[in-house]
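Peer 1: One structure, pasted below without further comment.
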Amino acid sequence: MFFYKFPDLNNMSWKRIKAIMMHEFFITKRSLEVINDIILYPLLSIIIFGFLTVYLSGSTGLIIGQQVLIGMILWQVISMTQYSIAVGCLWDVWARNLTNIFISPISNLEFLLAYTITGSIKSLIVIILGGIISFYFFGVNLLDLGLINLIIYFINLAIFGFGFAIMVLGLIFRFGTRVQALSWGLIAILQPLMAVIYPVSILPKFLQIIAYLLPPTYIFEAARANVTDKGIQWSNIGIAFFLNCLFIFLAVAFFNFMFNQSKKTGQFARLEG
Amino acid sequence: MAVLEVKNLTKKFGSFTAVDNISFDLKEGEILGLLGPNGAGKTTTIQMLLGITIPDDGEIKYFDKDFFQNRQDCLQIINYTSAFNTLQGRTTVWENLFVFANLYQIDNAKEKIKKLAEYFEIKDLLDSHYKNLSTGEKTRVNFIKALLNDPKIILMDEPTASLDPDIADKTLSLIEKFKQENKIAILYTSHNMDEIDRICDRVIFLSHGKIVAEDTPLNLTKKIETTTLRITFDKGKEIIEKYLKENKQEYKFSSDNIVKIKTKERLVPKIIFGISSEGIWMTDIEIQKPTLENVFLQISRSK
């Protein structure tokens with residue numbers, strides 16, 4: 001069936017991608033809860049961790065405090081990308097509008113690409129605002145990591161967030177809205193394993209094995225190292241990028257399989273029922 | 001010319017066969033009614049025609065192109081509207097329509113939306129939130145969405161369900177007008193037989209996933225030979241009863257002055273003349289011809 005075919009890149013349309021991006025923008029600007037979720041709550045957690053930074057800087061030294069806050073700001077990239085894609089799609093399920101979108105000529109790739117771009121834009125906004133707050137209120141400058149490093153970290157974390165979101169989306173398409181809570185809950189389960197605000201070494205050995213299977217772990221390790229060493233951590237970044245490529249490939253295959261199964265079982269058509 | 005061809009379409013959900021090896025076509029400019037009781041397979045058929053449910057077997061062709069091999073090309077020339085699908089309630093009517101205009105890659109989207117909004121008399125609602133519209137207004141917006149891409153085929157799944165009779169009538173008039181002006185082929189499902197009778201050129205009856213009848217509404221009703229003759233009379237109930245018994249007619253008295261006779265259409269003049277010859281003064285005669293609803297009930301109950 002057609003969903004197993006390799007995406008036809010020649011048939012891709014920027015207008016259709018733009019349509020979904022506009023749709024996402026229209027919903028966002030008219031939904032206070034979305035604005036809360038993508039701006040207020042991330043910034044609040046950055047502020048809370050900012051105060052923790054101040055506290056830790058007093059008792060353990062500035063370095064650890066900085067590492068904690070930077071880890072928390074970078075975490076927002078995964079969290080926001082994941083949230084934007086998975087929950088963004090749910091707004092149309094709840095409105096019983098998803099069928100209308102999928103009976104238009106849009107392809108899966110165009111649909112996912114549009115949400116990836118909007119998710120990345122939202123993440124970027126949160127990172128910029130978080131960076132400003134951390135600099136002016138807590139004296140931690142995100143740019144001290146190095147701009148190139150920051151861009152590399154952002155891309156890697158966004159790819160992981162995107163991959164994770166489409167896996168969740170695949171589960172929602174396949175099993176319906178009864179598993180919709182995964183959209184905002186599942187990623188939180190992985191957060192302790194990714195060593196966002198502490199080094200992997202403090203995890204028990206068996207958890208370290210799992211942690212090293214997750215691409216963001218290497219990015220957070222690299223970012224922590226960057227606080228004292230400004231150089232690019234090529235080994236960590238290389239492994240993260242390799243794992244991300246593998247992960248995104250598996251995630252897209254998983255999504256396509258689940259979407260296909262959802263259409264075979266009739267679940268997709270019942271999704272809005 | 002067939003704009004849609006369906007061959008041996010089959011869909012099973014576990015051991016339940018929702019659509020059982022059906023084949024039909026839809027011609028240019030035709031309105032084809034898809035009828036059947038609940039669970040007959042109408043909605044599953046439409047879902048397969050839209051590509052949101054994958055069939056187990058069979059072939060769907062739009063303008064001679066295989067749907068599964070040419071999904072994007074086919075979806076570009078068809079559209080869908082249903083009482084059960086809505087647009088995004090949080091955004092405005094204009095925002096919703098503009099998004100869909102772009103999804104269908106419409107040139108001059110703003111002008112197109114404006115023109116259709118004028119045609120469907122909702123121009124003043126373009127800046128309203130979709131969720132705040134009445135059911136009738138939402139139906140008209142859904143129609144605009146379904147017409148944005150100048151479709152050659154529209155699939156309509158009970159588009160007038162939950163509309164009051166006045167709005168439903170206006171909606172049907174719009175469909176008739178649009179069909180005449182644009183030669184759009186429409187596949188139409190509804191439970192309202194009067195609606196089907198009014199707008200459909202041809203009707204397919206589905207029951208338990210199979211096509212059990214296919215014809216024009218008029219020919220389908222002709223297949224039912226029984227007509228009900230309702231006679232109101234002044235006096236002489238016993239004389240009428242005796243006459244009907246002698247002529248082996250099926251009858252029932254609703255009161256001392258009204259009798260309903262179920263008979264073959266060709267026998268109606270003979271019965272009226274016969275009763276009149278018995279000296280009965282008939283004050284009212286009503287011939288109730290079989291309707292599409294009778295056909296529907298007969299088919300639904302015979303399986």
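Scheme for the structure tokens: letters A, B, ... for chains in order shown; per-chain residue numbers from 1; ligand numbers from 1 in order shown.
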So which residues touch A:Phe259 within 7 Å, counting only C-alpha atoms, skipping near sequence neighbours fewer than 5 positions away, as a ChimeraX atom specification?
Peer 2: /A:170,173-174
Peer 1: What residues in chain B lie within 7 Å of chain A, counting only C-alpha atoms, written as a PDB file with C-alpha atoms, in the first residue's frame?
Peer 2:
```pdb
ATOM      1  CA  PHE B  13     -12.946  -5.856  10.713  1.00  0.00           C
ATOM      2  CA  LEU B  50     -11.269   8.981   0.898  1.00  0.00           C
ATOM      3  CA  ILE B  52      -8.650   7.061   5.541  1.00  0.00           C
ATOM      4  CA  THR B  53      -9.474   3.372   5.764  1.00  0.00           C
ATOM      5  CA  ILE B  54      -7.500   0.848   3.746  1.00  0.00           C
ATOM      6  CA  PHE B  68      -3.731   4.004  -4.097  1.00  0.00           C
ATOM      7  CA  GLN B  69      -1.043   4.624  -6.700  1.00  0.00           C
ATOM      8  CA  GLN B  72      -2.345  13.007  -4.090  1.00  0.00           C
ATOM      9  CA  LEU B  75      -7.419  13.837  -3.577  1.00  0.00           C
ATOM     10  CA  GLN B  76      -6.722  17.079  -5.433  1.00  0.00           C
ATOM     11  CA  ASN B  85     -16.852  16.376  10.636  1.00  0.00           C
ATOM     12  CA  THR B  86     -16.219  19.916  11.697  1.00  0.00           C
ATOM     13  CA  LEU B  87     -13.489  22.407  11.036  1.00  0.00           C
ATOM     14  CA  GLN B  88     -11.178  23.804  13.716  1.00  0.00           C
ATOM     15  CA  GLY B  89     -13.449  25.578  16.209  1.00  0.00           C
ATOM     16  CA  ARG B  90     -10.750  27.746  17.777  1.00  0.00           C
ATOM     17  CA  THR B  91      -9.933  29.591  14.595  1.00  0.00           C
ATOM     18  CA  VAL B  99      -5.686  26.925   5.429  1.00  0.00           C
ATOM     19  CA  ASN B 102      -3.552  26.420   0.664  1.00  0.00           C
ATOM     20  CA  LEU B 103      -3.706  22.679   1.314  1.00  0.00           C
ATOM     21  CA  TYR B 104      -5.421  22.382  -2.076  1.00  0.00           C
ATOM     22  CA  GLN B 105      -2.914  24.858  -3.581  1.00  0.00           C
TER      23      GLN B 105
END
```
Peer 1: Restricting the calculation to only C-alpha atoms: of A:Leu40, A:Val227, A:Ile46, A:Leu246, which residue gets closest to A:Ser134?
Peer 2: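 Closest to A:Ser134 of all the choices is A:Ile46.
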Peer 1: Write down as a PyMOL selection string the residues belonging to stretch 62-230 of chain B that are assigned strand (DSSP E) by DSSP computed on the backbone.
Peer 2: chain B and resi 62+65-66+78-82+153-157+185-189+202-207+210-215+226-230
Peer 1: Mind dumping the selected residues with N, CA and C atoms as an mmCIF file, in the first residue's frame?
Peer 2:
```cif
data_model
loop_
_atom_site.group_PDB
_atom_site.id
_atom_site.type_symbol
_atom_site.label_atom_id
_atom_site.label_comp_id
_atom_site.auth_asym_id
_atom_site.auth_seq_id
_atom_site.Cartn_x
_atom_site.Cartn_y
_atom_site.Cartn_z
ATOM 1 N N TYR B 62 -10.312 6.912 -9.717
ATOM 2 C CA TYR B 62 -10.881 8.218 -10.011
ATOM 3 C C TYR B 62 -10.351 8.643 -11.373
ATOM 4 N N LYS B 65 -7.691 6.616 -12.810
ATOM 5 C CA LYS B 65 -6.399 6.528 -12.114
ATOM 6 C C LYS B 65 -6.590 5.726 -10.837
ATOM 7 N N ASP B 66 -5.702 4.781 -10.604
ATOM 8 C CA ASP B 66 -5.782 3.991 -9.381
ATOM 9 C C ASP B 66 -5.534 4.891 -8.164
ATOM 10 N N ILE B 78 -11.053 15.640 -5.618
ATOM 11 C CA ILE B 78 -12.277 15.259 -4.910
ATOM 12 C C ILE B 78 -12.359 16.052 -3.606
ATOM 13 N N ASN B 79 -13.509 16.031 -2.987
ATOM 14 C CA ASN B 79 -13.624 16.639 -1.659
ATOM 15 C C ASN B 79 -14.759 15.966 -0.906
ATOM 16 N N TYR B 80 -14.933 16.368 0.305
ATOM 17 C CA TYR B 80 -15.819 15.630 1.219
ATOM 18 C C TYR B 80 -16.481 16.593 2.191
ATOM 19 N N THR B 81 -17.737 16.331 2.476
ATOM 20 C CA THR B 81 -18.386 17.085 3.544
ATOM 21 C C THR B 81 -19.331 16.158 4.293
ATOM 22 N N SER B 82 -19.419 16.396 5.578
ATOM 23 C CA SER B 82 -20.253 15.530 6.419
ATOM 24 C C SER B 82 -20.749 16.321 7.615
ATOM 25 N N ILE B 153 -15.605 15.634 -8.001
ATOM 26 C CA ILE B 153 -16.427 14.682 -7.240
ATOM 27 C C ILE B 153 -16.498 15.146 -5.786
ATOM 28 N N ILE B 154 -17.702 15.120 -5.231
ATOM 29 C CA ILE B 154 -17.818 15.394 -3.791
ATOM 30 C C ILE B 154 -18.512 14.208 -3.124
ATOM 31 N N LEU B 155 -17.935 13.760 -2.029
ATOM 32 C CA LEU B 155 -18.558 12.720 -1.232
ATOM 33 C C LEU B 155 -19.270 13.417 -0.069
ATOM 34 N N MET B 156 -20.569 13.183 0.032
ATOM 35 C CA MET B 156 -21.346 13.853 1.086
ATOM 36 C C MET B 156 -21.955 12.792 1.997
ATOM 37 N N ASP B 157 -21.521 12.803 3.254
ATOM 38 C CA ASP B 157 -22.021 11.820 4.211
ATOM 39 C C ASP B 157 -23.031 12.507 5.135
ATOM 40 N N ALA B 185 -19.988 15.536 -9.857
ATOM 41 C CA ALA B 185 -20.562 14.235 -9.496
ATOM 42 C C ALA B 185 -20.578 14.137 -7.971
ATOM 43 N N ILE B 186 -21.680 13.645 -7.445
ATOM 44 C CA ILE B 186 -21.815 13.592 -5.981
ATOM 45 C C ILE B 186 -22.221 12.194 -5.532
ATOM 46 N N LEU B 187 -21.513 11.697 -4.535
ATOM 47 C CA LEU B 187 -21.934 10.455 -3.869
ATOM 48 C C LEU B 187 -22.546 10.887 -2.550
ATOM 49 N N TYR B 188 -23.816 10.542 -2.347
ATOM 50 C CA TYR B 188 -24.602 11.157 -1.281
ATOM 51 C C TYR B 188 -25.202 10.099 -0.367
ATOM 52 N N THR B 189 -24.922 10.176 0.920
ATOM 53 C CA THR B 189 -25.597 9.257 1.842
ATOM 54 C C THR B 189 -26.548 10.049 2.735
ATOM 55 N N ARG B 202 -29.647 8.345 -9.193
ATOM 56 C CA ARG B 202 -29.564 6.895 -9.084
ATOM 57 C C ARG B 202 -29.302 6.548 -7.623
ATOM 58 N N VAL B 203 -29.737 5.361 -7.240
ATOM 59 C CA VAL B 203 -29.593 4.982 -5.837
ATOM 60 C C VAL B 203 -29.013 3.572 -5.737
ATOM 61 N N ILE B 204 -28.111 3.406 -4.757
ATOM 62 C CA ILE B 204 -27.590 2.069 -4.446
ATOM 63 C C ILE B 204 -28.014 1.739 -3.017
ATOM 64 N N PHE B 205 -28.628 0.581 -2.868
ATOM 65 C CA PHE B 205 -28.990 0.145 -1.525
ATOM 66 C C PHE B 205 -27.953 -0.835 -1.007
ATOM 67 N N LEU B 206 -27.414 -0.537 0.169
ATOM 68 C CA LEU B 206 -26.468 -1.461 0.803
ATOM 69 C C LEU B 206 -27.162 -2.141 1.979
ATOM 70 N N SER B 207 -26.917 -3.409 2.128
ATOM 71 C CA SER B 207 -27.402 -4.107 3.313
ATOM 72 C C SER B 207 -26.376 -5.164 3.677
ATOM 73 N N LYS B 210 -23.442 -5.465 1.366
ATOM 74 C CA LYS B 210 -23.613 -5.837 -0.047
ATOM 75 C C LYS B 210 -24.584 -4.896 -0.750
ATOM 76 N N ILE B 211 -24.401 -4.754 -2.065
ATOM 77 C CA ILE B 211 -25.378 -3.981 -2.839
ATOM 78 C C ILE B 211 -26.573 -4.898 -3.115
ATOM 79 N N VAL B 212 -27.741 -4.487 -2.616
ATOM 80 C CA VAL B 212 -28.921 -5.341 -2.794
ATOM 81 C C VAL B 212 -29.889 -4.754 -3.825
ATOM 82 N N ALA B 213 -29.713 -3.501 -4.182
ATOM 83 C CA ALA B 213 -30.554 -2.910 -5.229
ATOM 84 C C ALA B 213 -29.839 -1.701 -5.799
ATOM 85 N N GLU B 214 -30.069 -1.455 -7.084
ATOM 86 C CA GLU B 214 -29.430 -0.304 -7.741
ATOM 87 C C GLU B 214 -30.308 0.141 -8.894
ATOM 88 N N ASP B 215 -30.796 1.359 -8.844
ATOM 89 C CA ASP B 215 -31.648 1.866 -9.919
ATOM 90 C C ASP B 215 -31.954 3.341 -9.678
ATOM 91 N N THR B 226 -47.422 -3.023 -4.605
ATOM 92 C CA THR B 226 -48.576 -2.708 -3.762
ATOM 93 C C THR B 226 -48.757 -1.198 -3.574
ATOM 94 N N THR B 227 -50.000 -0.767 -3.768
ATOM 95 C CA THR B 227 -50.366 0.626 -3.537
ATOM 96 C C THR B 227 -51.436 0.622 -2.437
ATOM 97 N N THR B 228 -51.427 1.664 -1.632
ATOM 98 C CA THR B 228 -52.473 1.744 -0.599
ATOM 99 C C THR B 228 -53.556 2.722 -1.063
ATOM 100 N N LEU B 229 -54.783 2.228 -1.063
ATOM 101 C CA LEU B 229 -55.939 3.045 -1.463
ATOM 102 C C LEU B 229 -56.725 3.377 -0.200
ATOM 103 N N ARG B 230 -56.828 4.663 0.077
ATOM 104 C CA ARG B 230 -57.539 5.084 1.299
ATOM 105 C C ARG B 230 -58.845 5.750 0.890
#
```
Peer 1: Rank B:Leu26, B:Ala83, B:Ile113, B:Ile31 by their smallest atom-to-atom distance to B:Lys61, using only C-alpha atoms, and report the top residue only.
Peer 2: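 When distances to B:Lys61 are compared using only C-alpha atoms, the smallest one comes from B:Leu26.
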Peer 1: A:Phe51: which residues within 12 Å, counting only C-alpha atoms, same-chain residues fewer than 4 positions away excluded, as a list of chain:residue names?
Peer 2: A:Leu44, A:Ser45, A:Ile46, A:Ile47, A:Tyr55, A:Leu56, A:Ser57, A:Gly58, A:Gly65, A:Gln66, A:Val68, A:Leu69, A:Ile133, A:Ser134, A:Phe137, A:Phe138, A:Gly139, A:Val140
Peer 1: Which residue is closest to B:Asp197? Choose from B:Thr221, B:Asn182, B:Thr232, B:Ser134 and count only C-alpha atoms.
Peer 2: B:Thr221
Peer 1: I'd like the neighbourhood of A:Ile210 as a list of chain:residue names, where a residue qualifies if any of its atoms comes within 10 Å (using only C-alpha atoms), though same-chain residues fewer than 3 positions away should be ignored.
Peer 2: A:Leu190, A:Leu193, A:Met194, A:Lys205, A:Phe206, A:Leu207, A:Leu213, A:Leu214, A:Thr217
Peer 1: Could you pull out the alpha helix (DSSP H) residues of stretch 20-256 of chain A, going by DSSP on the backbone, and write them as a VMD selection string?
Peer 2: chain A and resid 20 to 29 32 to 35 41 to 60 62 to 94 98 to 102 108 to 138 147 to 175 182 to 190 205 to 211 215 to 228 234 to 256
Peer 1: Kindly give the distance, in Å, that separates atom CA of B:Leu174 and atom CA of B:Gly51, rounded to a single decimal.
Peer 2: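 If I compute the distance from atom CA of B:Leu174 to atom CA of B:Gly51, I get 27.0 Å.
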Peer 1: Report as a VMD selection string all protein, DNA and RNA residues lying within 10 Å of B:Lys260, evaluated on only C-alpha atoms, omitting residues in the same chain fewer than 3 positions from it.
Peer 2: chain B and resid 228 to 232 250 to 255 263 286 to 288
Peer 1: Please compute the atom CA of B:Phe63-atom CA of B:Lys42 distance, one decimal, in Å.
Peer 2: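 Those two atoms sit 21.6 Å apart.
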Peer 1: Write out as a list of chain:residue names each polymer residue whose atoms come within 6 Å of A:Pro215, counting only C-alpha atoms; drop sequence neighbours fewer than 3 positions from it.
Peer 2: A:Tyr218, A:Ala240, A:Leu243, A:Asn244
Peer 1: Using only C-alpha atoms, which protein or nucleic acid residues come within 9 Å of B:Ser300? Drop anything in the same chain fewer than 5 positions from it, and give the result as a PDB file with C-alpha atoms, in the first residue's frame.
Peer 2:
```pdb
ATOM      1  CA  GLY B  36     -28.821   1.464   3.776  1.00  0.00           C
ATOM      2  CA  PRO B  37     -29.670   0.879   7.404  1.00  0.00           C
ATOM      3  CA  SER B 207     -27.402  -4.107   3.313  1.00  0.00           C
ATOM      4  CA  VAL B 295     -38.341   0.265  -0.642  1.00  0.00           C
TER       5      VAL B 295
END
```
Peer 1: Between B:Lys235, B:Lys222, B:Arg301, B:Lys248, single out the one closest to B:Trp281, counting only C-alpha atoms.
Peer 2: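 Smallest separation from B:Trp281 among the options: B:Lys235.
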Peer 1: Pick out the closest residue to A:Asn108 from this set: A:Gln191, A:Asp37, A:Leu169, A:Gln82. Count only C-alpha atoms.
Peer 2: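 For A:Asn108, the nearest of the candidates is A:Leu169.
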